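**Q** Sharing a structure with you now.
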Amino acid sequence: MASGVAVSQDVIDAYTDIKIGHKYKYSIFQLSDDLTEIVVLKKAEPGTSWADLIADLPKDDCRYAVFDFDYELKDGGKRNKLIFIVWCPDTAVIKKKMLYASSKDAIRKKFQGVGNEVQATDMDELDYDEIFNKISAGGTK
């Protein structure tokens, strides 16, 4: 189901800055006030953490985010993966949840090279260890 919501060029540029230039650790995106476009809400400088991203997500509203996830394997090898996050908490207004769900494909298609997607409805689903285990197969890849 397509919502007809457009993706701002600033969103694509922010993603490219994370993917290619590593200029930001993460970016958070939201629907514009008139609900017609996905726009950039925040770009976080390198050095910020997963905990910073979690703190920036609202308790009662939906957001999209891309996070540059660095981790170390059990054998000491270092890895880096981009994660696309769809945050739609249970406490969000149903209309907003439906609009974010139906607009997800529009933004996701613009993010070529994202290897992992996380859809979360509560903070437990965004626990660092949970995400680490999901994207690294328990630290093995």
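As shown in the structure tokens, the chain order sets the letters A, B, ...; within each chain, residues go from 1, and ligands are also counted from 1 in the order they appear.
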At a cut-off of 7 Å, using only C-alpha atoms, what residues contact Ser27 of chain A? Leave out same-chain residues fewer than 3 positions from it and give the result as an mmCIF file with C-alpha atoms, in the first residue's frame.
**A**
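Contents of the output file around24.cif:
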```cif
data_model
loop_
_atom_site.group_PDB
_atom_site.id
_atom_site.type_symbol
_atom_site.label_atom_id
_atom_site.label_comp_id
_atom_site.auth_asym_id
_atom_site.auth_seq_id
_atom_site.Cartn_x
_atom_site.Cartn_y
_atom_site.Cartn_z
ATOM 1 C CA ALA A 14 21.865 12.554 4.625
ATOM 2 C CA LYS A 42 18.420 15.180 12.988
ATOM 3 C CA LYS A 43 21.935 14.301 11.837
ATOM 4 C CA ALA A 44 24.182 13.044 14.648
ATOM 5 C CA ALA A 65 16.348 6.295 11.188
ATOM 6 C CA VAL A 66 19.578 5.052 9.645
ATOM 7 C CA PHE A 67 22.399 4.088 12.007
#
```
**Q** Using only C-alpha atoms, which residues sit within 9 Å of Tyr15 of chain A once same-chain residues fewer than 3 positions away are excluded, as an MDAnalysis selection string?
**A** chainID A and resid 10:12 18:20 24 26:27 66 110:111
**Q** Go ahead and save the residues from that selection, with N, CA and C atoms, as a PDB file, in the first residue's frame.
**A**
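Output (selection.pdb):
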```
ATOM      1  N   ASP A  10      16.944  16.006   0.778  1.00  0.00           N
ATOM      2  CA  ASP A  10      17.791  16.106   1.976  1.00  0.00           C
ATOM      3  C   ASP A  10      17.924  14.764   2.688  1.00  0.00           C
ATOM      4  N   VAL A  11      16.874  13.955   2.645  1.00  0.00           N
ATOM      5  CA  VAL A  11      16.909  12.622   3.253  1.00  0.00           C
ATOM      6  C   VAL A  11      17.914  11.739   2.505  1.00  0.00           C
ATOM      7  N   ILE A  12      17.856  11.774   1.187  1.00  0.00           N
ATOM      8  CA  ILE A  12      18.780  10.983   0.370  1.00  0.00           C
ATOM      9  C   ILE A  12      20.215  11.457   0.582  1.00  0.00           C
ATOM     10  N   ILE A  18      26.088   9.403   5.351  1.00  0.00           N
ATOM     11  CA  ILE A  18      26.380   8.332   6.316  1.00  0.00           C
ATOM     12  C   ILE A  18      27.069   7.169   5.613  1.00  0.00           C
ATOM     13  N   LYS A  19      26.509   6.748   4.505  1.00  0.00           N
ATOM     14  CA  LYS A  19      26.998   5.552   3.813  1.00  0.00           C
ATOM     15  C   LYS A  19      28.391   5.743   3.218  1.00  0.00           C
ATOM     16  N   ILE A  20      28.593   6.820   2.505  1.00  0.00           N
ATOM     17  CA  ILE A  20      29.852   7.002   1.775  1.00  0.00           C
ATOM     18  C   ILE A  20      30.869   7.795   2.591  1.00  0.00           C
ATOM     19  N   TYR A  24      28.154  11.332   9.465  1.00  0.00           N
ATOM     20  CA  TYR A  24      27.232  11.267  10.598  1.00  0.00           C
ATOM     21  C   TYR A  24      27.152   9.840  11.100  1.00  0.00           C
ATOM     22  N   TYR A  26      24.297   8.752  12.710  1.00  0.00           N
ATOM     23  CA  TYR A  26      22.926   8.385  12.377  1.00  0.00           C
ATOM     24  C   TYR A  26      22.141   9.612  11.959  1.00  0.00           C
ATOM     25  N   SER A  27      21.030   9.352  11.289  1.00  0.00           N
ATOM     26  CA  SER A  27      20.066  10.398  10.943  1.00  0.00           C
ATOM     27  C   SER A  27      18.681   9.889  11.299  1.00  0.00           C
ATOM     28  N   VAL A  66      18.489   5.867  10.179  1.00  0.00           N
ATOM     29  CA  VAL A  66      19.578   5.052   9.645  1.00  0.00           C
ATOM     30  C   VAL A  66      20.733   5.226  10.612  1.00  0.00           C
ATOM     31  N   LYS A 110      15.004   4.266  -1.463  1.00  0.00           N
ATOM     32  CA  LYS A 110      16.027   5.290  -1.692  1.00  0.00           C
ATOM     33  C   LYS A 110      17.345   4.936  -1.001  1.00  0.00           C
ATOM     34  N   PHE A 111      17.310   3.992  -0.066  1.00  0.00           N
ATOM     35  CA  PHE A 111      18.488   3.634   0.726  1.00  0.00           C
ATOM     36  C   PHE A 111      19.140   2.357   0.208  1.00  0.00           C
TER      37      PHE A 111
END
```
**Q** Select, from A:Glu117, A:Thr16, A:Glu125, A:Lys25, the residue with the minimum atom-to-atom distance to Thr48 of chain A, counting only C-alpha atoms.
**A**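 Going through A:Glu117, A:Thr16, A:Glu125, A:Lys25 one by one, the smallest distance to Thr48 of chain A is for A:Lys25.
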**Q** Using DSSP secondary structure from the backbone, list all alpha helix (DSSP H) positions within segment 4-141 of chain A, as a short mmCIF file (atom, residue, chain, number, x, y, z; two decimals) with C-alpha atoms, in the first residue's frame.
**A**
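Full text of out-v2.cif as output:
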```cif
data_model
loop_
_atom_site.label_atom_id
_atom_site.label_comp_id
_atom_site.auth_asym_id
_atom_site.auth_seq_id
_atom_site.Cartn_x
_atom_site.Cartn_y
_atom_site.Cartn_z
CA GLN A 9 16.31 15.12 -1.42
CA ASP A 10 17.79 16.11 1.98
CA VAL A 11 16.91 12.62 3.25
CA ILE A 12 18.78 10.98 0.37
CA ASP A 13 21.76 13.32 0.88
CA ALA A 14 21.86 12.55 4.63
CA TYR A 15 21.86 8.83 3.87
CA THR A 16 24.67 9.22 1.33
CA ASP A 17 26.68 11.23 3.88
CA ILE A 18 26.38 8.33 6.32
CA LYS A 19 27.00 5.55 3.81
CA TRP A 50 23.34 3.72 19.97
CA ALA A 51 22.12 5.03 23.33
CA ASP A 52 22.04 8.57 21.88
CA LEU A 53 19.85 7.38 19.00
CA ILE A 54 17.47 5.63 21.38
CA ALA A 55 17.26 8.78 23.54
CA ASP A 56 16.36 10.82 20.43
CA ILE A 94 -3.02 4.84 14.85
CA LYS A 95 -3.27 7.19 11.84
CA LYS A 96 0.45 8.02 12.16
CA LYS A 97 1.40 4.35 12.51
CA MET A 98 -0.54 3.51 9.37
CA LEU A 99 1.00 6.40 7.44
CA TYR A 100 4.56 5.47 8.49
CA ALA A 101 3.95 1.81 7.64
CA SER A 102 2.56 2.66 4.20
CA SER A 103 5.39 5.15 3.49
CA LYS A 104 8.21 2.83 4.54
CA ASP A 105 8.79 1.39 1.07
CA ALA A 106 9.21 4.87 -0.43
CA ILE A 107 12.11 5.74 1.87
CA ARG A 108 13.57 2.23 1.98
CA LYS A 109 13.90 2.12 -1.82
CA LYS A 110 16.03 5.29 -1.69
CA TYR A 128 21.80 -2.92 21.81
CA ASP A 129 22.51 -6.60 22.48
CA GLU A 130 19.37 -7.63 20.61
CA ILE A 131 20.39 -5.59 17.56
CA PHE A 132 24.00 -6.80 17.76
CA ASN A 133 22.88 -10.45 17.81
CA LYS A 134 20.47 -9.87 14.94
CA ILE A 135 22.94 -8.24 12.55
CA SER A 136 26.07 -10.19 13.50
#
```
**Q** Between A:Glu45, A:Asp90, A:Glu37, A:Glu72, which residue has the minimum interatomic distance to Gly21 of chain A, considering only C-alpha atoms?
**A**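 Going through A:Glu45, A:Asp90, A:Glu37, A:Glu72 one by one, the smallest distance to Gly21 of chain A is for A:Glu45.
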**Q** Using only C-alpha atoms, which protein or nucleic acid residues come within 7 Å of segment 77-88 of chain A? Drop anything in the same chain fewer than 6 positions from it, and give the result as a list in words.
**A**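 So the residues in contact are Asp61, Cys62, Arg63, Tyr64, Ala65, Val66, Phe67, Asp68, Phe69, Asp70, Tyr71, Lys97, Val114, Gly115, Asn116, Glu117, Val118, Gln119, Ala120 and Thr121 of chain A.
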**Q** Between A:Leu126, A:Gln112, A:Leu73, A:Val40, which one has atoms that come closest to Ile28 of chain A, using only C-alpha atoms?
**A**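 Looking at the shortest contact to Ile28 of chain A, the residue is A:Val40.
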**Q** Please identify which residues in chain A DSSP calls strand (DSSP E) from the backbone, and express them as a ChimeraX atom specification.
**A** /A:6-7,26-31,37-44,63-72,78-87,116-120
**Q** Quote the spacing between atom CA of Met123 of chain A and atom CA of Gly47 of chain A in Å to one decimal place.
**A**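 Straight-line distance from atom CA of Met123 of chain A to atom CA of Gly47 of chain A works out to 21.8 Å.
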**Q** Grab the atom CA of Ser3 of chain A to atom CA of Leu35 of chain A distance for me, in Å with one decimal place.
**A**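 So the answer is 9.9 Å.
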